[in-house]
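See below for structure31.csv, which holds CSV, C-alpha atoms.
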chain,number,residue,atom,x,y,z
A,19,MET,CA,-12.6,-23.4,38.0
A,20,VAL,CA,-12.9,-25.5,41.1
A,21,PRO,CA,-10.8,-28.2,42.7
A,22,SER,CA,-12.5,-31.7,42.7
A,23,HIS,CA,-15.2,-32.0,45.3
A,24,ARG,CA,-13.0,-34.4,47.3
A,25,ASN,CA,-10.3,-31.8,48.0
A,26,ALA,CA,-12.0,-28.4,47.6
A,27,GLY,CA,-12.4,-27.8,51.4
A,28,THR,CA,-8.9,-29.0,52.2
A,29,VAL,CA,-7.4,-26.7,49.6
A,30,ILE,CA,-9.3,-23.6,50.8
A,31,ALA,CA,-8.4,-24.5,54.5
A,32,MET,CA,-4.7,-24.7,53.5
A,33,LEU,CA,-5.0,-21.4,51.7
A,34,LEU,CA,-6.5,-19.6,54.6
A,35,HIS,CA,-3.8,-21.1,56.9
A,36,LEU,CA,-1.0,-20.1,54.5
A,37,VAL,CA,-2.1,-16.5,53.9
A,38,ALA,CA,-2.3,-15.9,57.7
A,39,ALA,CA,1.5,-16.4,57.8
A,40,PRO,CA,4.2,-14.0,56.5
A,41,PHE,CA,5.1,-14.4,52.9
A,42,ALA,CA,8.2,-16.6,52.3
A,43,VAL,CA,11.1,-14.7,50.7
A,44,LYS,CA,13.8,-17.2,51.0
A,45,ALA,CA,14.4,-20.3,48.9
A,46,ALA,CA,15.4,-22.5,51.8
A,47,ASP,CA,12.7,-21.7,54.4
A,48,GLY,CA,10.6,-24.7,53.5
A,49,VAL,CA,7.3,-22.8,52.9
A,50,THR,CA,5.5,-24.1,49.8
A,51,ASP,CA,2.1,-23.3,48.3
A,52,PRO,CA,-0.8,-25.8,48.6
A,53,MET,CA,-1.4,-28.1,45.7
A,54,GLY,CA,-4.6,-29.0,44.0
A,55,TYR,CA,-6.2,-30.7,41.0
A,56,THR,CA,-9.3,-30.7,39.0
A,57,GLU,CA,-10.8,-33.0,36.3
A,58,VAL,CA,-12.4,-31.4,33.2
A,59,ALA,CA,-14.7,-33.3,30.7
A,60,LEU,CA,-13.9,-32.5,27.0
A,61,ALA,CA,-16.9,-33.2,24.7
A,62,GLY,CA,-16.5,-35.2,21.5
A,63,ASN,CA,-17.1,-33.4,18.2
A,64,SER,CA,-16.7,-30.0,19.8
A,65,ASP,CA,-14.3,-27.3,20.9
A,66,SER,CA,-13.5,-27.1,24.6
A,67,TYR,CA,-12.2,-23.7,25.9
A,68,LEU,CA,-9.7,-24.2,28.7
A,69,PHE,CA,-7.0,-22.5,30.8
A,70,VAL,CA,-4.5,-23.9,33.2
A,71,PRO,CA,-5.7,-23.1,36.8
A,72,PHE,CA,-2.5,-24.1,38.6
A,73,LYS,CA,1.1,-23.1,38.3
A,74,ARG,CA,4.1,-25.4,38.3
A,75,THR,CA,6.2,-25.6,41.4
A,76,PRO,CA,8.7,-22.6,41.6
A,77,ALA,CA,12.3,-23.4,41.1
A,78,LEU,CA,13.3,-20.4,43.3
A,79,VAL,CA,11.5,-18.3,45.8
A,80,THR,CA,13.6,-15.3,47.0
A,81,SER,CA,13.7,-11.6,47.6
A,82,VAL,CA,15.4,-9.0,45.3
A,83,ALA,CA,18.2,-6.9,46.6
A,84,GLU,CA,18.5,-4.6,43.6
A,85,VAL,CA,17.0,-3.9,40.2
A,86,GLY,CA,19.3,-2.4,37.5
A,87,ALA,CA,20.7,-2.5,34.0
A,88,ASN,CA,23.6,-4.6,32.7
A,89,GLY,CA,25.1,-2.4,29.9
A,90,GLN,CA,24.4,-5.0,27.2
A,91,TYR,CA,21.5,-6.0,24.9
A,92,ASP,CA,19.1,-8.6,26.3
A,93,GLU,CA,16.2,-10.4,24.5
A,94,GLY,CA,13.1,-8.3,24.7
A,95,GLU,CA,14.8,-4.9,25.0
A,96,PRO,CA,13.7,-2.2,22.5
A,97,PHE,CA,16.0,-1.7,19.5
A,98,VAL,CA,16.1,0.2,16.2
A,99,ASP,CA,15.5,-2.5,13.6
A,100,THR,CA,17.2,-0.6,10.7
A,101,ASP,CA,17.2,-3.6,8.3
A,102,GLY,CA,13.6,-4.7,9.2
A,103,ASP,CA,14.5,-8.4,9.9
A,104,GLY,CA,13.1,-8.4,13.4
A,105,VAL,CA,16.5,-9.4,14.9
A,106,ARG,CA,18.8,-7.1,16.7
A,107,ASP,CA,22.1,-6.8,14.9
A,108,ALA,CA,25.3,-5.6,16.6
A,109,SER,CA,25.2,-2.3,14.7
A,110,GLU,CA,21.6,-1.5,15.7
A,111,SER,CA,21.0,0.7,18.8
A,112,TYR,CA,19.0,-0.5,21.7
A,113,THR,CA,17.6,0.7,25.0
A,114,ASP,CA,19.3,-0.8,28.1
A,115,THR,CA,16.4,-1.4,30.4
A,116,SER,CA,16.4,-2.1,34.2
A,117,ASN,CA,15.9,-5.8,33.7
A,118,VAL,CA,18.5,-7.3,36.0
A,119,LEU,CA,17.3,-8.6,39.3
A,120,THR,CA,20.2,-9.0,41.8
A,121,LEU,CA,19.5,-11.6,44.4
A,122,PRO,CA,20.4,-11.5,48.1
A,123,GLU,CA,23.9,-12.5,49.2
A,124,GLY,CA,24.1,-16.2,49.7
A,125,VAL,CA,21.8,-17.1,46.8
A,126,VAL,CA,24.0,-18.9,44.2
A,127,LEU,CA,22.7,-20.3,40.9
A,128,PRO,CA,24.3,-22.3,38.1
A,129,GLN,CA,25.0,-20.0,35.1
A,130,ASN,CA,21.9,-19.9,32.8
A,131,GLN,CA,20.1,-22.5,34.9
A,132,PHE,CA,16.8,-20.9,33.8
A,133,VAL,CA,17.5,-20.7,30.1
A,134,TYR,CA,15.7,-23.1,27.7
A,135,LEU,CA,17.9,-25.4,25.7
A,136,GLN,CA,16.1,-27.9,23.4
A,137,GLY,CA,16.9,-31.5,24.3
A,138,THR,CA,18.9,-30.5,27.4
A,139,GLN,CA,16.9,-28.1,29.5
A,140,PRO,CA,13.2,-28.4,28.5
A,141,ASN,CA,11.8,-25.6,30.8
A,142,THR,CA,11.1,-22.0,29.9
A,143,TYR,CA,10.8,-19.8,33.1
A,144,TYR,CA,9.1,-16.6,34.1
A,145,VAL,CA,9.6,-14.4,37.2
A,146,SER,CA,6.4,-13.8,39.1
A,147,PHE,CA,6.5,-10.6,41.3
A,148,LYS,CA,4.8,-11.5,44.6
A,149,SER,CA,5.2,-8.2,46.4
A,150,GLY,CA,6.3,-4.6,45.9
A,151,SER,CA,4.6,-2.0,43.8
A,152,ARG,CA,4.6,-4.3,40.7
A,153,ALA,CA,3.0,-7.3,42.6
A,154,GLY,CA,1.1,-9.5,40.2
A,155,ILE,CA,3.1,-9.0,37.0
A,156,PHE,CA,5.2,-11.8,35.4
A,157,CYS,CA,8.2,-11.5,33.1
A,158,PRO,CA,9.9,-14.2,31.0
A,159,VAL,CA,13.5,-15.1,32.1
A,160,VAL,CA,16.1,-14.6,29.3
A,161,ALA,CA,19.2,-15.3,31.3
A,162,ASN,CA,20.7,-15.7,34.8
A,163,GLY,CA,24.0,-15.4,36.4
A,164,VAL,CA,25.3,-16.9,39.6
A,165,ASN,CA,23.5,-14.1,41.6
A,166,THR,CA,21.2,-12.4,39.1
A,167,VAL,CA,18.1,-13.1,37.0
A,168,VAL,CA,17.6,-11.2,33.7
A,169,VAL,CA,14.1,-10.8,32.4
A,170,ASP,CA,12.2,-9.5,29.4
A,171,THR,CA,10.4,-6.5,31.1
A,172,MET,CA,7.5,-6.8,28.7
A,173,GLY,CA,7.3,-3.0,28.6
A,174,TYR,CA,7.1,-2.6,32.4
A,175,ASP,CA,9.4,0.0,34.1
A,176,LEU,CA,11.0,-2.2,36.8
A,177,SER,CA,13.2,0.7,37.9
A,178,ALA,CA,10.2,2.4,39.4
A,179,MET,CA,9.3,-0.5,41.8
A,180,THR,CA,9.1,0.3,45.5
A,181,GLY,CA,8.7,-1.7,48.6
A,182,GLN,CA,10.2,-5.1,49.5
A,183,ILE,CA,10.3,-7.2,46.3
A,184,ALA,CA,9.6,-10.9,46.5
A,185,ILE,CA,9.7,-13.1,43.5
A,186,GLU,CA,9.3,-16.7,42.3
A,187,VAL,CA,11.0,-18.2,39.3
A,188,VAL,CA,8.4,-20.6,37.8
A,189,PRO,CA,8.6,-22.9,34.8
A,190,TYR,CA,5.8,-22.3,32.3
A,191,HIS,CA,3.3,-25.0,31.7
A,192,THR,CA,3.8,-26.6,28.3
A,193,LEU,CA,1.9,-29.0,26.0
A,194,GLY,CA,4.1,-31.7,27.4
A,195,THR,CA,3.3,-30.9,31.0
A,196,VAL,CA,-0.5,-30.4,30.6
A,197,PHE,CA,-0.9,-33.4,28.2
A,198,PRO,CA,2.0,-35.7,29.2
A,199,ASN,CA,2.4,-38.5,26.6
A,200,GLY,CA,-0.9,-37.3,25.0
A,201,GLN,CA,-3.0,-37.9,28.1
A,202,GLY,CA,-6.4,-36.3,28.1
A,203,ILE,CA,-6.7,-36.2,24.3
A,204,HIS,CA,-6.9,-38.5,21.3
A,205,PRO,CA,-3.4,-39.1,19.7
A,206,SER,CA,-2.9,-39.0,16.0
A,207,ALA,CA,-1.4,-42.0,14.2
A,208,SER,CA,-0.8,-39.8,11.1
A,209,HIS,CA,0.5,-36.3,10.3
A,210,SER,CA,-2.5,-35.8,8.0
A,211,ALA,CA,-4.8,-33.0,9.1
A,212,SER,CA,-7.8,-34.9,7.8
A,213,ALA,CA,-7.1,-37.9,10.0
A,214,ARG,CA,-6.4,-35.8,13.2
A,215,PRO,CA,-8.8,-36.8,16.0
A,216,THR,CA,-7.7,-34.0,18.4
A,217,SER,CA,-6.0,-30.6,17.9
A,218,VAL,CA,-5.0,-28.0,20.4
A,219,LEU,CA,-5.3,-24.5,19.2
A,220,LEU,CA,-3.5,-21.5,20.6
A,221,PRO,CA,-4.3,-17.8,20.0
A,222,ASN,CA,-2.0,-15.4,18.4
A,223,HIS,CA,-1.6,-12.4,20.7
A,224,THR,CA,0.2,-10.2,18.1
A,225,VAL,CA,-2.7,-9.8,15.6
A,226,ALA,CA,-4.9,-6.7,15.7
A,227,GLY,CA,-8.6,-7.0,15.5
A,228,GLU,CA,-11.6,-9.0,16.8
A,229,ASN,CA,-13.1,-12.4,16.1
A,230,LEU,CA,-9.6,-13.7,15.5
A,231,ALA,CA,-8.7,-17.2,14.5
A,232,PHE,CA,-6.7,-19.5,16.7
A,233,ASP,CA,-4.0,-20.0,14.1
A,234,GLN,CA,-1.4,-22.1,16.0
A,235,VAL,CA,-2.5,-25.7,15.7
A,236,PHE,CA,-0.8,-28.7,17.5
A,237,TYR,CA,-1.5,-32.4,17.7
A,238,TYR,CA,0.0,-35.4,19.5
A,239,TYR,CA,1.7,-37.8,17.1
A,240,SER,CA,1.7,-41.4,18.4
A,241,GLY,CA,4.0,-42.9,15.7
A,242,SER,CA,7.7,-43.1,15.5
A,243,GLU,CA,9.3,-40.5,17.9
A,244,PRO,CA,5.9,-39.7,19.6
A,245,GLY,CA,5.3,-36.2,20.8
A,246,TRP,CA,3.5,-33.0,20.1
A,247,ARG,CA,3.8,-31.5,16.6
A,248,LYS,CA,2.9,-28.1,15.2
A,249,SER,CA,0.7,-28.4,12.1
A,250,GLY,CA,2.9,-28.1,9.0
A,251,VAL,CA,6.1,-28.9,10.9
A,252,PRO,CA,5.9,-32.7,11.4
A,253,ASP,CA,9.6,-33.2,11.9
A,254,VAL,CA,10.0,-31.0,15.0
A,255,VAL,CA,8.8,-32.3,18.4
A,256,ALA,CA,6.9,-29.4,20.1
A,257,ASN,CA,6.5,-30.8,23.7
A,258,ASP,CA,8.1,-27.7,25.1
A,259,THR,CA,5.6,-25.2,23.6
A,260,VAL,CA,4.7,-22.7,26.3
A,261,LEU,CA,1.1,-22.3,27.6
A,262,PRO,CA,1.1,-18.8,29.2
A,263,PRO,CA,-0.5,-18.4,32.6
A,264,ASP,CA,-2.6,-15.4,31.4
A,265,SER,CA,-4.3,-17.0,28.4
A,266,PHE,CA,-6.6,-19.9,27.3
A,267,PHE,CA,-6.6,-22.4,24.5
A,268,ILE,CA,-8.9,-24.7,22.7
A,269,VAL,CA,-9.0,-28.5,22.6
A,270,ARG,CA,-10.8,-29.6,19.4
A,271,HIS,CA,-12.1,-33.2,19.3
A,272,ASN,CA,-12.8,-34.3,15.8
A,273,ASN,CA,-14.0,-37.5,17.2
A,274,PRO,CA,-17.4,-38.5,18.8
A,275,SER,CA,-15.6,-39.8,22.0
A,276,GLY,CA,-15.0,-37.3,24.8
A,277,THR,CA,-12.0,-37.4,27.1
A,278,THR,CA,-11.2,-36.3,30.6
A,279,LEU,CA,-8.3,-33.9,31.3
A,280,VAL,CA,-6.7,-33.6,34.7
A,281,PHE,CA,-5.1,-30.3,35.8
A,282,SER,CA,-2.8,-30.4,38.8
A,283,GLY,CA,-0.1,-28.2,40.4
A,284,ASP,CA,0.5,-25.4,42.9
A,285,VAL,CA,-2.3,-23.1,43.9
A,286,HIS,CA,-1.6,-19.4,43.1
A,287,VAL,CA,-1.8,-17.5,46.4
A,288,ALA,CA,-1.1,-13.9,45.3
A,289,LYS,CA,-2.3,-11.1,43.1
A,290,PHE,CA,-2.0,-11.8,39.4
A,291,ALA,CA,-1.8,-9.1,36.7
A,292,THR,CA,-1.7,-9.0,32.9
A,293,PRO,CA,-2.0,-6.2,30.3
A,294,LEU,CA,-5.1,-5.5,28.2
A,295,ASN,CA,-4.2,-4.0,24.9
A,296,THR,CA,-5.3,-2.4,21.6
A,297,LEU,CA,-2.7,-3.2,19.0
A,298,ALA,CA,-3.6,-0.9,16.2
A,299,ALA,CA,-5.2,2.6,16.0
A,300,ASN,CA,-9.0,2.7,15.7
A,301,VAL,CA,-9.4,-1.1,15.8
A,302,ASN,CA,-11.3,-3.0,18.5
A,303,GLN,CA,-9.0,-5.6,20.1
A,304,ASP,CA,-9.8,-9.1,21.5
A,305,ASN,CA,-7.6,-10.0,24.5
A,306,PHE,CA,-7.6,-13.8,25.2
A,307,VAL,CA,-7.0,-13.6,28.9
A,308,ALA,CA,-7.2,-15.9,31.9
A,309,ALA,CA,-5.8,-16.0,35.5
A,310,PRO,CA,-4.4,-19.1,37.2
A,311,ILE,CA,-7.1,-19.2,39.8
A,312,PRO,CA,-8.7,-22.6,40.6
A,313,VAL,CA,-12.2,-21.4,41.8
A,314,GLU,CA,-15.2,-19.9,40.0
A,315,MET,CA,-14.8,-16.2,39.3
A,316,ARG,CA,-17.8,-13.9,39.2
A,317,LEU,CA,-17.9,-10.5,37.4
A,318,ARG,CA,-17.8,-8.8,40.8
A,319,ASP,CA,-14.5,-10.7,41.6
A,320,LEU,CA,-12.5,-9.7,38.6
A,321,ASN,CA,-11.4,-6.1,39.6
A,322,LEU,CA,-11.7,-5.0,36.0
A,323,ILE,CA,-13.4,-1.7,36.8
A,324,GLU,CA,-11.5,-1.0,40.0
A,325,SER,CA,-8.1,-1.6,38.3
A,326,GLY,CA,-9.0,0.8,35.5
A,327,ALA,CA,-8.4,-1.8,32.9
A,328,PHE,CA,-12.0,-2.0,31.6
A,329,VAL,CA,-13.8,1.1,30.3
A,330,PRO,CA,-17.5,1.4,31.5
A,331,SER,CA,-20.3,2.4,29.2
A,332,SER,CA,-22.3,5.5,29.9
A,333,SER,CA,-25.4,4.2,28.1
A,334,HIS,CA,-27.0,0.8,27.4
A,335,SER,CA,-27.0,1.6,23.7
A,336,LEU,CA,-24.9,-0.7,21.6
A,337,ALA,CA,-23.9,2.2,19.4
A,338,VAL,CA,-21.9,3.8,22.2
A,339,ARG,CA,-20.9,0.7,24.1
A,340,GLN,CA,-17.3,0.7,25.3
A,341,ASP,CA,-15.3,-2.4,26.4
A,342,MET,CA,-17.0,-5.8,26.3
A,343,LEU,CA,-16.5,-9.1,28.1
A,344,LEU,CA,-17.4,-12.2,26.0
A,345,VAL,CA,-17.9,-15.6,27.6
A,346,TRP,CA,-17.5,-19.1,26.1
A,347,HIS,CA,-19.3,-21.8,28.0
A,348,ASN,CA,-18.4,-25.5,27.2
A,349,ALA,CA,-22.0,-26.5,27.9
A,350,SER,CA,-22.5,-25.2,24.3
A,351,LEU,CA,-21.2,-27.6,21.7
A,352,GLY,CA,-19.7,-27.2,18.2
A,353,PHE,CA,-16.7,-25.8,16.4
A,354,ASN,CA,-15.7,-22.2,15.9
A,355,ARG,CA,-18.8,-21.2,17.9
A,356,ALA,CA,-19.7,-17.6,18.8
A,357,ALA,CA,-19.6,-16.4,22.4
A,358,THR,CA,-22.3,-17.8,24.6
A,359,VAL,CA,-23.0,-14.5,26.3
A,360,SER,CA,-21.5,-11.0,26.5
A,361,TYR,CA,-21.4,-8.3,29.2
A,362,TYR,CA,-20.6,-4.6,29.6
A,363,TYR,CA,-20.3,-2.4,32.7
A,364,PHE,CA,-22.9,0.3,33.0
A,365,GLY,CA,-21.4,3.3,34.7
A,366,GLY,CA,-24.6,5.4,34.8
A,367,SER,CA,-27.1,5.9,37.6
A,368,SER,CA,-30.4,5.1,36.0
A,369,GLY,CA,-32.4,2.0,36.6
A,370,ALA,CA,-30.5,-0.4,38.9
A,371,GLY,CA,-27.5,1.9,38.9
A,372,PRO,CA,-23.9,1.1,38.0
A,373,GLY,CA,-22.9,-2.5,37.6
A,374,TRP,CA,-22.4,-5.3,35.2
A,375,ARG,CA,-25.1,-6.0,32.6
A,376,LYS,CA,-25.7,-8.9,30.3
A,377,ALA,CA,-26.1,-7.7,26.7
A,378,GLY,CA,-29.8,-7.4,25.9
A,379,VAL,CA,-30.8,-7.4,29.6
A,380,PRO,CA,-30.1,-3.8,30.7
A,381,LEU,CA,-32.4,-3.6,33.7
A,382,VAL,CA,-30.9,-6.6,35.7
A,383,LEU,CA,-27.6,-6.4,37.5
A,384,ALA,CA,-25.3,-9.3,36.5
A,385,ASP,CA,-22.4,-8.8,39.1
A,386,ASN,CA,-22.9,-12.3,40.4
A,387,ASP,CA,-22.7,-14.1,37.0
A,388,VAL,CA,-19.9,-16.7,36.8
A,389,VAL,CA,-17.6,-16.0,33.9
A,390,MET,CA,-14.5,-18.1,34.6
A,391,SER,CA,-14.5,-21.7,35.8
A,392,SER,CA,-13.6,-25.2,34.6
A,393,SER,CA,-16.2,-24.8,31.8
A,394,ARG,CA,-16.0,-21.0,31.1
A,395,VAL,CA,-13.4,-18.6,29.6
A,396,PHE,CA,-13.7,-15.1,28.5
A,397,VAL,CA,-12.3,-12.5,26.1
A,398,ILE,CA,-11.9,-8.8,26.9
A,399,ARG,CA,-12.8,-6.8,23.8
A,400,LYS,CA,-11.2,-3.4,24.2
A,401,LYS,CA,-12.9,-0.5,22.4
A,402,ALA,CA,-10.7,1.0,19.7
A,403,THR,CA,-8.4,3.8,20.7
A,404,PRO,CA,-6.8,6.6,18.6
A,405,ALA,CA,-3.4,5.0,19.1
A,406,PRO,CA,-2.3,1.5,20.4
A,407,SER,CA,-2.8,1.4,24.2
A,408,SER,CA,-2.2,-0.8,27.2
A,409,SER,CA,-3.8,-1.0,30.6
A,410,LEU,CA,-3.0,-3.4,33.5
A,411,TRP,CA,-5.6,-5.7,34.9
A,412,ASP,CA,-4.8,-7.1,38.3
A,413,VAL,CA,-7.0,-9.6,40.2
A,414,THR,CA,-6.7,-11.1,43.7
A,415,PRO,CA,-8.0,-14.7,44.1
A,416,PRO,CA,-11.3,-14.6,46.2
A,417,TYR,CA,-9.8,-17.1,48.7
A,418,LEU,CA,-7.2,-14.5,49.7
A,419,PRO,CA,-7.9,-11.4,51.9
A,420,LEU,CA,-8.3,-8.1,50.1
A,421,GLU,CA,-5.5,-5.6,50.4
A,422,THR,CA,-6.0,-2.7,52.8
A,423,PRO,CA,-4.9,0.8,51.9
Please express the file's structure as structure tokens.
Amino acid sequence: MVPSHRNAGTVIAMLLHLVAAPFAVKAADGVTDPMGYTEVALAGNSDSYLFVPFKRTPALVTSVAEVGANGQYDEGEPFVDTDGDGVRDASESYTDTSNVLTLPEGVVLPQNQFVYLQGTQPNTYYVSFKSGSRAGIFCPVVANGVNTVVVDTMGYDLSAMTGQIAIEVVPYHTLGTVFPNGQGIHPSASHSASARPTSVLLPNHTVAGENLAFDQVFYYYSGSEPGWRKSGVPDVVANDTVLPPDSFFIVRHNNPSGTTLVFSGDVHVAKFATPLNTLAANVNQDNFVAAPIPVEMRLRDLNLIESGAFVPSSSHSLAVRQDMLLVWHNASLGFNRAATVSYYYFGGSSGAGPGWRKAGVPLVLADNDVVMSSSRVFVIRKKATPAPSSSLWDVTPPYLPLETP
């Protein structure tokens, strides 16, 4: 995805200037990330596949003095669900993880400043780790004290982190921030699904399998008490629904008229990481992934092979192919359409040697093919594993210098 032509050069110049300076680790030092914007055309009578290329402005930028546990159950910690209701009860045992980030002396926060409260505090926050051995990962905030931030570790072992740890506390983008007052789409005057001119579809990341439906459907209601609604729940305003930074969504126009959507925000100027999973034994798994990077990304830029998150194929044969990368391009039109093109990484030495290949074109290297942009998103289809598994994909924006050993 690229900034508008009018500010692309300015943004990159600012980025190069910023990365030449030491990383800011204090909230009050006045250093901020550059900002950018881009306009995206959404076709009528079609699905448009999109991700948010910018982050919201951090509420806090600081270092971490200590990582530890707090001796109590926090949201996201593993527990023994003896009654099977999905909620941790007082009698159920749990694992007290190292999920408490103690901030430097002098950083003072209002209690639970970063905790969502419907109607009062509309933001949900995450911690983005900017440096240290876990640089790139992000974890949702579940609570904060006057000098601590408590996170859902998402399965990461934060106790093993080494090096100076710098973090940002960032509010998630939401339906209300990406489409404020229904901008960029066609509002609905009715709650009826048949009369809905635009829907926004979000994927469900908890379902095992491939070719999965986007089963969370939202629309902007323009009638009494206007705002976003979830299909089937018309009485609840859903403006605060989170749009994660590591995933994409669909805007479906059931209307011949197209629209223009404007994305804006802070440019991400650090490594970004997210897990690629298989959720059930012996089942291929589609991962609906993205990275908040506002420039075109080619296969060679993604670091999928180098990070160990993507399994190469030893043969061009479809029968023994391992992980796949499937691209949806918005130049193609229609609803519920199949991927425009798919790729695999050939790890052998025959022909053109190791490198990315487009399915059906085994003799031509495809390393330079663009797979993420303002008009392209991709799915990583992980090959089935004997047991559920997870690997971490990390990527550095191409406008930043590569790390040196």
In Å to one decimal, how far is CA of Val388 in chain A from CA of Gly373 in chain A?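 Answer for the CA of Gly373 in chain A to CA of Val388 in chain A separation: 14.5 Å.
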Exercise: Val82 in chain A partners within 9 Å, only C-alpha atoms, chain neighbours under 2 positions left out, as a list in words: Val43, Thr80, Glu84, Val85, Leu119, Thr120, Leu121, Pro122, Gln182, Ile183, Ala184 and Ile185 of chain A
Pull the closest atom pair for each residue of range 255-358 of chain A that gets at most 9 Å from range 67-79 of chain A, along with the distance in Å to one decimal, counting only C-alpha atoms, ordering rows by chain and then ascending residue number, as CSV.
residue,atom,partner,partner_atom,distance
A:Leu261,CA,A:Val70,CA,8.1
A:Pro262,CA,A:Val70,CA,8.6
A:Pro263,CA,A:Val70,CA,6.8
A:Asp264,CA,A:Phe69,CA,8.4
A:Ser265,CA,A:Phe69,CA,6.6
A:Phe266,CA,A:Phe69,CA,4.4
A:Phe267,CA,A:Leu68,CA,5.5
A:Ile268,CA,A:Tyr67,CA,4.7
A:Val269,CA,A:Tyr67,CA,6.6
A:Arg270,CA,A:Tyr67,CA,8.9
A:Phe281,CA,A:Val70,CA,6.9
A:Ser282,CA,A:Phe72,CA,6.3
A:Gly283,CA,A:Phe72,CA,5.1
A:Asp284,CA,A:Lys73,CA,5.2
A:Val285,CA,A:Phe72,CA,5.4
A:His286,CA,A:Phe72,CA,6.6
A:Ala308,CA,A:Phe69,CA,6.7
A:Ala309,CA,A:Pro71,CA,7.2
A:Pro310,CA,A:Pro71,CA,4.2
A:Ile311,CA,A:Pro71,CA,5.1
A:Pro312,CA,A:Pro71,CA,4.9
A:Val313,CA,A:Pro71,CA,8.4
A:Trp346,CA,A:Tyr67,CA,7.0
A:His347,CA,A:Tyr67,CA,7.6
A:Asn348,CA,A:Tyr67,CA,6.6
From the options A:Asp175, A:Asp258, A:Asp101, A:Glu57, which residue's atoms come nearest to Asp114 in chain A, counting only C-alpha atoms?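 Going through A:Asp175, A:Asp258, A:Asp101, A:Glu57 one by one, the smallest distance to Asp114 in chain A is for A:Asp175.
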Any chance you could tabulate, as JSON lines, the residues of range 73-132 of chain A at most 12 Å from range 152-157 of chain A with each one's nearest atom pair and distance in Å to one decimal, using only C-alpha atoms, in chain and rising number order?
{"residue": "A:Glu93", "atom": "CA", "partner": "A:Cys157", "partner_atom": "CA", "distance": 11.8}
{"residue": "A:Gly94", "atom": "CA", "partner": "A:Cys157", "partner_atom": "CA", "distance": 10.2}
{"residue": "A:Asn117", "atom": "CA", "partner": "A:Cys157", "partner_atom": "CA", "distance": 9.6}
{"residue": "A:Val118", "atom": "CA", "partner": "A:Cys157", "partner_atom": "CA", "distance": 11.5}
{"residue": "A:Leu119", "atom": "CA", "partner": "A:Cys157", "partner_atom": "CA", "distance": 11.4}
Residue contacts of Ala384 in chain A (10 Å, all atoms listed in the file) excluding same-chain residues fewer than 4 positions away, as a PyMOL selection string: chain A and resi 316-318+361-363+373-377+379-380+388
For Gly245 in chain A, which residue out of A:Ser81, A:Asn273, A:Asn229, A:Ser206 is the nearest one, using all atoms listed in the file? A:Ser206
Select, from A:Gly163, A:Gly371, A:Pro406, A:Pro330, the residue with the minimum atom-to-atom distance to Gln131 in chain A, counting all atoms listed in the file.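 Closest candidate: A:Gly163.
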Which residue is closest to Gly326 in chain A? Choose from A:Leu294, A:Ala349, A:Leu219, A:Ala83 and count only C-alpha atoms. A:Leu294
When distances are computed from only C-alpha atoms, which of A:Thr259, A:Thr216, A:Thr171, A:Asn199 shows the smallest separation from Phe147 in chain A?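 Closest residue, counting only C-alpha atoms: A:Thr171.
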Go ahead and compute the interatomic distance for CA of Tyr143 in chain A and CA of Gly227 in chain A, in Å to one decimal.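 CA of Tyr143 in chain A sits 29.2 Å away from CA of Gly227 in chain A.
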